[in-house]
file my_file_3.txt (compact mmCIF, N, CA and C atoms)
# COMPACT_ATOMS: atom_id res chain seq x y z
N MET A 20 0.84 -1.18 0.00
CA MET A 20 0.00 0.00 0.00
C MET A 20 0.89 1.24 0.00
N LYS A 21 0.56 2.18 -0.86
CA LYS A 21 1.37 3.40 -0.95
C LYS A 21 1.12 4.30 0.26
N LYS A 22 2.09 5.19 0.51
CA LYS A 22 1.99 6.09 1.67
C LYS A 22 0.76 6.96 1.61
N ARG A 23 0.39 7.40 0.41
CA ARG A 23 -0.77 8.29 0.30
C ARG A 23 -2.08 7.56 0.60
N ASN A 24 -2.04 6.23 0.63
CA ASN A 24 -3.23 5.43 0.92
C ASN A 24 -3.31 5.01 2.39
N ARG A 25 -2.43 5.54 3.24
CA ARG A 25 -2.42 5.13 4.64
C ARG A 25 -2.95 6.21 5.56
N LEU A 26 -3.65 5.77 6.57
CA LEU A 26 -4.01 6.64 7.69
C LEU A 26 -2.99 6.36 8.78
N LYS A 27 -2.25 7.37 9.20
CA LYS A 27 -1.20 7.16 10.20
C LYS A 27 -1.41 7.97 11.46
N LYS A 28 -1.90 9.19 11.30
CA LYS A 28 -1.97 10.10 12.44
C LYS A 28 -3.15 9.77 13.34
N ASN A 29 -2.93 9.95 14.63
CA ASN A 29 -3.97 9.70 15.62
C ASN A 29 -5.20 10.56 15.36
N GLU A 30 -4.99 11.81 14.94
CA GLU A 30 -6.13 12.70 14.70
C GLU A 30 -6.99 12.20 13.54
N ASP A 31 -6.36 11.59 12.53
CA ASP A 31 -7.12 11.00 11.42
C ASP A 31 -7.96 9.82 11.91
N PHE A 32 -7.34 8.96 12.72
CA PHE A 32 -8.06 7.82 13.29
C PHE A 32 -9.24 8.31 14.12
N GLN A 33 -9.00 9.31 14.99
CA GLN A 33 -10.05 9.80 15.87
C GLN A 33 -11.21 10.40 15.08
N LYS A 34 -10.89 11.09 13.98
CA LYS A 34 -11.93 11.69 13.15
C LYS A 34 -12.83 10.61 12.54
N VAL A 35 -12.21 9.52 12.07
CA VAL A 35 -12.99 8.42 11.49
C VAL A 35 -13.83 7.74 12.57
N PHE A 36 -13.24 7.50 13.75
CA PHE A 36 -13.99 6.87 14.84
C PHE A 36 -15.18 7.73 15.26
N LYS A 37 -14.95 9.05 15.37
CA LYS A 37 -15.97 9.95 15.89
C LYS A 37 -17.10 10.21 14.90
N HIS A 38 -16.74 10.44 13.63
CA HIS A 38 -17.73 10.89 12.65
C HIS A 38 -18.11 9.82 11.63
N GLY A 39 -17.42 8.70 11.64
CA GLY A 39 -17.69 7.66 10.65
C GLY A 39 -18.75 6.68 11.09
N THR A 40 -19.04 5.74 10.20
CA THR A 40 -19.98 4.67 10.51
C THR A 40 -19.21 3.37 10.63
N SER A 41 -19.78 2.41 11.36
CA SER A 41 -19.06 1.15 11.53
C SER A 41 -19.93 -0.03 11.13
N MET A 42 -19.24 -1.09 10.75
CA MET A 42 -19.88 -2.34 10.35
C MET A 42 -18.93 -3.44 10.81
N ALA A 43 -19.48 -4.56 11.21
CA ALA A 43 -18.60 -5.61 11.74
C ALA A 43 -19.09 -7.00 11.34
N ASN A 44 -18.14 -7.92 11.29
CA ASN A 44 -18.47 -9.35 11.24
C ASN A 44 -17.58 -10.03 12.28
N ARG A 45 -17.48 -11.34 12.26
CA ARG A 45 -16.72 -12.03 13.31
C ARG A 45 -15.25 -11.71 13.31
N GLN A 46 -14.67 -11.48 12.14
CA GLN A 46 -13.22 -11.32 12.04
C GLN A 46 -12.76 -9.86 12.07
N PHE A 47 -13.58 -8.94 11.58
CA PHE A 47 -13.13 -7.55 11.43
C PHE A 47 -14.21 -6.56 11.82
N VAL A 48 -13.76 -5.36 12.20
CA VAL A 48 -14.64 -4.21 12.38
C VAL A 48 -14.16 -3.18 11.36
N LEU A 49 -15.10 -2.59 10.64
CA LEU A 49 -14.76 -1.62 9.60
C LEU A 49 -15.41 -0.29 9.93
N TYR A 50 -14.59 0.76 10.03
CA TYR A 50 -15.08 2.12 10.20
C TYR A 50 -14.86 2.85 8.89
N VAL A 51 -15.86 3.64 8.47
CA VAL A 51 -15.78 4.35 7.20
C VAL A 51 -16.20 5.79 7.40
N LEU A 52 -15.41 6.70 6.81
CA LEU A 52 -15.75 8.12 6.84
C LEU A 52 -15.68 8.65 5.42
N ASP A 53 -16.74 9.32 4.99
CA ASP A 53 -16.79 9.87 3.64
C ASP A 53 -15.84 11.05 3.53
N GLN A 54 -15.04 11.08 2.47
CA GLN A 54 -14.13 12.19 2.19
C GLN A 54 -14.39 12.66 0.77
N PRO A 55 -15.34 13.58 0.58
CA PRO A 55 -15.72 13.97 -0.79
C PRO A 55 -14.59 14.60 -1.59
N GLU A 56 -13.66 15.28 -0.91
CA GLU A 56 -12.58 15.96 -1.65
C GLU A 56 -11.41 15.03 -1.95
N ALA A 57 -11.42 13.82 -1.41
CA ALA A 57 -10.30 12.90 -1.59
C ALA A 57 -10.34 12.29 -2.99
N ASP A 58 -9.14 12.06 -3.57
CA ASP A 58 -9.09 11.44 -4.89
C ASP A 58 -8.71 9.95 -4.79
N GLU A 59 -8.32 9.50 -3.61
CA GLU A 59 -8.02 8.09 -3.39
C GLU A 59 -8.50 7.69 -2.00
N PHE A 60 -8.70 6.39 -1.81
CA PHE A 60 -9.08 5.93 -0.48
C PHE A 60 -7.85 5.91 0.42
N ARG A 61 -8.09 6.00 1.73
CA ARG A 61 -7.01 5.85 2.71
C ARG A 61 -7.47 4.82 3.73
N ALA A 62 -6.54 4.00 4.18
CA ALA A 62 -6.89 2.94 5.12
C ALA A 62 -5.91 2.92 6.29
N GLY A 63 -6.46 2.66 7.46
CA GLY A 63 -5.65 2.46 8.65
C GLY A 63 -5.97 1.09 9.23
N LEU A 64 -4.96 0.43 9.76
CA LEU A 64 -5.14 -0.91 10.31
C LEU A 64 -4.87 -0.89 11.80
N SER A 65 -5.64 -1.67 12.52
CA SER A 65 -5.42 -1.82 13.95
C SER A 65 -5.48 -3.29 14.30
N VAL A 66 -4.34 -3.82 14.73
CA VAL A 66 -4.26 -5.23 15.12
C VAL A 66 -3.63 -5.24 16.52
N SER A 67 -4.44 -5.53 17.53
CA SER A 67 -3.96 -5.41 18.91
C SER A 67 -3.15 -6.63 19.34
N LYS A 68 -2.52 -6.50 20.49
CA LYS A 68 -1.71 -7.60 21.03
C LYS A 68 -2.55 -8.79 21.44
N LYS A 69 -3.86 -8.60 21.58
CA LYS A 69 -4.75 -9.70 21.91
C LYS A 69 -4.78 -10.74 20.77
N ILE A 70 -4.48 -10.30 19.57
CA ILE A 70 -4.52 -11.18 18.39
C ILE A 70 -3.41 -12.23 18.46
N GLY A 71 -2.23 -11.82 18.93
CA GLY A 71 -1.11 -12.75 19.00
C GLY A 71 0.19 -12.01 19.10
N ASN A 72 1.29 -12.74 18.92
CA ASN A 72 2.60 -12.10 19.00
C ASN A 72 2.87 -11.28 17.72
N ALA A 73 4.03 -10.66 17.64
CA ALA A 73 4.34 -9.75 16.53
C ALA A 73 4.27 -10.45 15.18
N VAL A 74 4.70 -11.69 15.12
CA VAL A 74 4.68 -12.44 13.86
C VAL A 74 3.24 -12.59 13.37
N VAL A 75 2.36 -12.97 14.24
CA VAL A 75 0.95 -13.16 13.89
C VAL A 75 0.31 -11.83 13.49
N ARG A 76 0.56 -10.78 14.28
CA ARG A 76 -0.03 -9.47 13.98
C ARG A 76 0.44 -8.95 12.63
N ASN A 77 1.73 -9.09 12.35
CA ASN A 77 2.26 -8.62 11.06
C ASN A 77 1.68 -9.42 9.90
N ARG A 78 1.48 -10.71 10.10
CA ARG A 78 0.88 -11.54 9.06
C ARG A 78 -0.55 -11.08 8.75
N VAL A 79 -1.31 -10.82 9.81
CA VAL A 79 -2.69 -10.34 9.63
C VAL A 79 -2.68 -9.01 8.87
N LYS A 80 -1.78 -8.11 9.24
CA LYS A 80 -1.70 -6.81 8.55
C LYS A 80 -1.32 -6.97 7.08
N ARG A 81 -0.39 -7.88 6.82
CA ARG A 81 0.01 -8.13 5.42
C ARG A 81 -1.16 -8.64 4.59
N LEU A 82 -1.93 -9.57 5.17
CA LEU A 82 -3.09 -10.11 4.46
C LEU A 82 -4.12 -9.02 4.17
N ILE A 83 -4.39 -8.17 5.17
CA ILE A 83 -5.36 -7.09 4.97
C ILE A 83 -4.88 -6.12 3.90
N ARG A 84 -3.59 -5.76 3.96
CA ARG A 84 -3.04 -4.84 2.95
C ARG A 84 -3.16 -5.42 1.55
N GLN A 85 -2.91 -6.72 1.41
CA GLN A 85 -2.99 -7.36 0.10
C GLN A 85 -4.43 -7.34 -0.42
N VAL A 86 -5.39 -7.58 0.46
CA VAL A 86 -6.80 -7.51 0.05
C VAL A 86 -7.13 -6.10 -0.41
N LEU A 87 -6.69 -5.09 0.34
CA LEU A 87 -6.95 -3.70 -0.04
C LEU A 87 -6.30 -3.38 -1.39
N GLN A 88 -5.11 -3.90 -1.61
CA GLN A 88 -4.41 -3.70 -2.88
C GLN A 88 -5.23 -4.30 -4.03
N ASP A 89 -5.77 -5.50 -3.82
CA ASP A 89 -6.57 -6.17 -4.85
C ASP A 89 -7.88 -5.44 -5.12
N GLU A 90 -8.46 -4.86 -4.08
CA GLU A 90 -9.79 -4.25 -4.19
C GLU A 90 -9.75 -2.74 -4.43
N LYS A 91 -8.57 -2.14 -4.51
CA LYS A 91 -8.48 -0.67 -4.50
C LYS A 91 -9.22 0.01 -5.64
N ASP A 92 -9.28 -0.63 -6.81
CA ASP A 92 -9.98 -0.01 -7.94
C ASP A 92 -11.49 -0.06 -7.79
N LYS A 93 -11.98 -0.98 -6.97
CA LYS A 93 -13.42 -1.16 -6.80
C LYS A 93 -13.98 -0.34 -5.65
N LEU A 94 -13.11 0.09 -4.71
CA LEU A 94 -13.58 0.78 -3.50
C LEU A 94 -13.78 2.27 -3.72
N LYS A 95 -14.76 2.82 -3.03
CA LYS A 95 -15.03 4.26 -3.09
C LYS A 95 -13.94 5.02 -2.36
N GLN A 96 -13.77 6.31 -2.73
CA GLN A 96 -12.76 7.17 -2.12
C GLN A 96 -13.23 7.64 -0.75
N LYS A 97 -12.88 6.87 0.26
CA LYS A 97 -13.25 7.20 1.64
C LYS A 97 -12.08 6.85 2.54
N ASP A 98 -12.22 7.20 3.81
CA ASP A 98 -11.23 6.77 4.81
C ASP A 98 -11.76 5.52 5.50
N TYR A 99 -10.91 4.50 5.59
CA TYR A 99 -11.29 3.23 6.20
C TYR A 99 -10.38 2.93 7.38
N ILE A 100 -10.94 2.35 8.42
CA ILE A 100 -10.14 1.77 9.49
C ILE A 100 -10.61 0.34 9.65
N ILE A 101 -9.67 -0.59 9.58
CA ILE A 101 -10.00 -2.00 9.72
C ILE A 101 -9.37 -2.49 11.02
N ILE A 102 -10.20 -2.98 11.91
CA ILE A 102 -9.73 -3.51 13.18
C ILE A 102 -9.90 -5.03 13.14
N ALA A 103 -8.80 -5.72 13.37
CA ALA A 103 -8.85 -7.19 13.36
C ALA A 103 -9.30 -7.71 14.71
N ARG A 104 -10.16 -8.72 14.67
CA ARG A 104 -10.59 -9.41 15.89
C ARG A 104 -9.82 -10.72 15.99
N LYS A 105 -9.90 -11.35 17.14
CA LYS A 105 -9.14 -12.57 17.43
C LYS A 105 -9.23 -13.65 16.35
N PRO A 106 -10.43 -13.98 15.82
CA PRO A 106 -10.49 -15.05 14.80
C PRO A 106 -9.72 -14.74 13.52
N ALA A 107 -9.40 -13.47 13.27
CA ALA A 107 -8.67 -13.09 12.05
C ALA A 107 -7.28 -13.72 12.00
N SER A 108 -6.73 -14.06 13.15
CA SER A 108 -5.38 -14.63 13.18
C SER A 108 -5.32 -16.03 12.59
N GLN A 109 -6.47 -16.70 12.48
CA GLN A 109 -6.52 -18.08 11.97
C GLN A 109 -6.82 -18.14 10.48
N LEU A 110 -7.11 -17.00 9.84
CA LEU A 110 -7.58 -17.01 8.47
C LEU A 110 -6.47 -17.15 7.44
N THR A 111 -6.81 -17.81 6.33
CA THR A 111 -5.92 -17.82 5.16
C THR A 111 -6.19 -16.54 4.37
N PHE A 112 -5.41 -16.33 3.29
CA PHE A 112 -5.62 -15.14 2.47
C PHE A 112 -7.02 -15.14 1.86
N GLU A 113 -7.45 -16.28 1.33
CA GLU A 113 -8.76 -16.36 0.68
C GLU A 113 -9.89 -16.06 1.66
N GLU A 114 -9.76 -16.59 2.88
CA GLU A 114 -10.79 -16.34 3.90
C GLU A 114 -10.79 -14.88 4.33
N THR A 115 -9.60 -14.29 4.45
CA THR A 115 -9.50 -12.87 4.80
C THR A 115 -10.16 -12.02 3.74
N LYS A 116 -9.87 -12.34 2.48
CA LYS A 116 -10.44 -11.59 1.36
C LYS A 116 -11.96 -11.71 1.35
N LYS A 117 -12.46 -12.91 1.54
CA LYS A 117 -13.90 -13.14 1.54
C LYS A 117 -14.59 -12.36 2.67
N SER A 118 -13.97 -12.38 3.84
CA SER A 118 -14.52 -11.69 5.00
C SER A 118 -14.57 -10.18 4.78
N LEU A 119 -13.48 -9.61 4.25
CA LEU A 119 -13.45 -8.16 4.01
C LEU A 119 -14.39 -7.77 2.87
N GLN A 120 -14.47 -8.59 1.83
CA GLN A 120 -15.40 -8.30 0.74
C GLN A 120 -16.84 -8.30 1.26
N HIS A 121 -17.13 -9.21 2.19
CA HIS A 121 -18.46 -9.26 2.80
C HIS A 121 -18.75 -7.93 3.50
N LEU A 122 -17.79 -7.41 4.25
CA LEU A 122 -17.98 -6.12 4.93
C LEU A 122 -18.14 -4.98 3.94
N PHE A 123 -17.33 -4.98 2.87
CA PHE A 123 -17.42 -3.91 1.87
C PHE A 123 -18.80 -3.93 1.19
N ARG A 124 -19.29 -5.13 0.87
CA ARG A 124 -20.62 -5.24 0.25
C ARG A 124 -21.71 -4.80 1.22
N LYS A 125 -21.59 -5.26 2.46
CA LYS A 125 -22.58 -4.94 3.49
C LYS A 125 -22.66 -3.43 3.72
N SER A 126 -21.53 -2.75 3.60
CA SER A 126 -21.48 -1.30 3.79
C SER A 126 -21.67 -0.55 2.48
N SER A 127 -21.93 -1.29 1.39
CA SER A 127 -22.06 -0.75 0.02
C SER A 127 -20.94 0.24 -0.32
N LEU A 128 -19.72 -0.27 -0.23
CA LEU A 128 -18.54 0.56 -0.49
C LEU A 128 -17.94 0.34 -1.87
N TYR A 129 -18.51 -0.57 -2.62
CA TYR A 129 -18.01 -0.79 -3.98
C TYR A 129 -18.59 0.26 -4.92
N LYS A 130 -17.75 0.71 -5.86
CA LYS A 130 -18.22 1.65 -6.87
C LYS A 130 -19.22 0.95 -7.78
N LYS A 131 -20.08 1.72 -8.36
CA LYS A 131 -21.03 1.16 -9.32
C LYS A 131 -20.26 0.77 -10.57
N SER A 132 -20.51 -0.44 -11.06
CA SER A 132 -19.81 -0.89 -12.27
C SER A 132 -20.39 -0.18 -13.48
N SER A 133 -19.51 0.23 -14.36
CA SER A 133 -19.94 0.99 -15.55
C SER A 133 -20.10 0.04 -16.73
N LYS A 134 -21.23 -0.67 -16.74
CA LYS A 134 -21.51 -1.60 -17.84
C LYS A 134 -22.62 -1.09 -18.70
call {"tool": "encode", "arguments": {"input": "my_file_3.txt", "output": "structure tokens"}}
result
Amino acid sequence: MKKRNRLKKNEDFQKVFKHGTSMANRQFVLYVLDQPEADEFRAGLSVSKKIGNAVVRNRVKRLIRQVLQDEKDKLKQKDYIIIARKPASQLTFEETKKSLQHLFRKSSLYKKSSK
């Protein structure tokens, strides 16, 4: 994920938490904040120590980043925060992708296809 696609600052995270909407399933919690002036989406990840040791947490983050990379052309230009829950540590890449796609569909975050 490129630097311009990352949420890093605490104030950015707080703004999304405070003013955004949330949606959740068993593995992830997704917070979304509309950014009408943005030309690209931005995403922040939160994987707590409850998930596992550093190796496990980094693996979960890598999987989430890869899913975002695959889905970036389909997602609307908004700010996203993805929080991993404990079951996310057991998922394969395909399961992670399926779970996040479920959240994106549930929150209707996919762009309308131009067919």
call {"tool": "closest_residue", "arguments": {"input": "my_file_3.txt", "among": "A:Met20, A:Leu128, A:Ile70, A:Val86", "to": "Met42 in chain A", "atoms": "only C-alpha atoms"}}
result
A:Leu128
call {"tool": "closest_residue", "arguments": {"input": "my_file_3.txt", "among": "A:Val66, A:Val74, A:Ala43, A:Leu82", "to": "Phe112 in chain A", "atoms": "only C-alpha atoms"}}
result
A:Leu82
call {"tool": "select_by_dssp", "arguments": {"input": "my_file_3.txt", "residues": "chain A", "states": "alpha helix (DSSP H)", "output": "ChimeraX atom specification"}}
result
/A:29-38,73-90,112-125
call {"tool": "residues_near_point", "arguments": {"input": "my_file_3.txt", "point": "(-15.4, 5.2, 6.6)", "cutoff": "6.5 Å", "atoms": "all atoms listed in the file", "output": "PyMOL selection string"}}
result
chain A and resi 35+39-40+49-53+97-100
call {"tool": "residues_around", "arguments": {"input": "my_file_3.txt", "residues": "Ala107 in chain A", "least_positions_apart": "3", "cutoff": "6 Å", "atoms": "only C-alpha atoms", "output": "ChimeraX atom specification"}}
result
/A:46,104,110
call {"tool": "residues_around", "arguments": {"input": "my_file_3.txt", "residues": "Lys28 in chain A", "least_positions_apart": "4", "cutoff": "12 Å", "atoms": "only C-alpha atoms", "output": "ChimeraX atom specification"}}
result
/A:32-35,61-64
call {"tool": "residues_around", "arguments": {"input": "my_file_3.txt", "residues": "Gly71 in chain A", "least_positions_apart": "6", "cutoff": "8 Å", "atoms": "only N, CA and C atoms", "output": "MDAnalysis selection string"}}
result
chainID A and resid 77 105 108
call {"tool": "axis_aligned_box", "arguments": {"input": "my_file_3.txt", "around": "range 40-55 of chain A", "padding_each_side": "8 Å", "output": "JSON"}}
result
{"center_x": -16.4, "center_y": 1.3, "center_z": 5.9, "size_x": 23.2, "size_y": 42.6, "size_z": 30.9}
call {"tool": "closest_residue", "arguments": {"input": "my_file_3.txt", "among": "A:Lys80, A:Lys131, A:Lys68, A:Asn44", "to": "Lys95 in chain A", "atoms": "only N, CA and C atoms"}}
result
A:Lys131
call {"tool": "residues_around", "arguments": {"input": "my_file_3.txt", "residues": "Leu119 in chain A", "least_positions_apart": "3", "cutoff": "8 Å", "atoms": "only C-alpha atoms", "output": "PyMOL selection string"}}
result
chain A and resi 47+86+115-116+122-123
call {"tool": "closest_residue", "arguments": {"input": "my_file_3.txt", "among": "A:Ile83, A:Val48, A:Tyr129, A:Gln54", "to": "Ile102 in chain A", "atoms": "all atoms listed in the file"}}
result
A:Val48
call {"tool": "select_by_dssp", "arguments": {"input": "my_file_3.txt", "residues": "range 43-126 of chain A", "states": "strand (DSSP E or B)", "output": "NGL selection string"}}
result
:A and (43 or 47-53 or 61-65 or 94 or 97-103)
call {"tool": "closest_residue", "arguments": {"input": "my_file_3.txt", "among": "A:Phe36, A:Ser126, A:Gln109, A:Glu59", "to": "Arg23 in chain A", "atoms": "only C-alpha atoms"}}
result
A:Glu59
call {"tool": "residues_near_point", "arguments": {"input": "my_file_3.txt", "point": "(-0.9, -0.8, 0.7)", "cutoff": "7 Å", "atoms": "only C-alpha atoms", "output": "list in words"}}
result
Met20, Lys21, Asn24, Arg84, Gln85, Leu87 and Gln88 of chain A
call {"tool": "write_last_selection", "arguments": {"input": "my_file_3.txt", "atoms": "N, CA and C atoms", "output": "compact mmCIF listing (two decimals), keeping the file's coordinate frame"}}
result
# COMPACT_ATOMS: atom_id res chain seq x y z
N MET A 20 0.84 -1.18 0.00
CA MET A 20 0.00 0.00 0.00
C MET A 20 0.89 1.24 0.00
N LYS A 21 0.56 2.18 -0.86
CA LYS A 21 1.37 3.40 -0.95
C LYS A 21 1.12 4.30 0.26
N ASN A 24 -2.04 6.23 0.63
CA ASN A 24 -3.23 5.43 0.92
C ASN A 24 -3.31 5.01 2.39
N ARG A 84 -3.59 -5.76 3.96
CA ARG A 84 -3.04 -4.84 2.95
C ARG A 84 -3.16 -5.42 1.55
N GLN A 85 -2.91 -6.72 1.41
CA GLN A 85 -2.99 -7.36 0.10
C GLN A 85 -4.43 -7.34 -0.42
N LEU A 87 -6.69 -5.09 0.34
CA LEU A 87 -6.95 -3.70 -0.04
C LEU A 87 -6.30 -3.38 -1.39
N GLN A 88 -5.11 -3.90 -1.61
CA GLN A 88 -4.41 -3.70 -2.88
C GLN A 88 -5.23 -4.30 -4.03
call {"tool": "closest_residue", "arguments": {"input": "my_file_3.txt", "among": "A:Lys117, A:Arg25, A:Lys69, A:Arg124", "to": "Asp89 in chain A", "atoms": "only C-alpha atoms"}}
result
A:Lys117
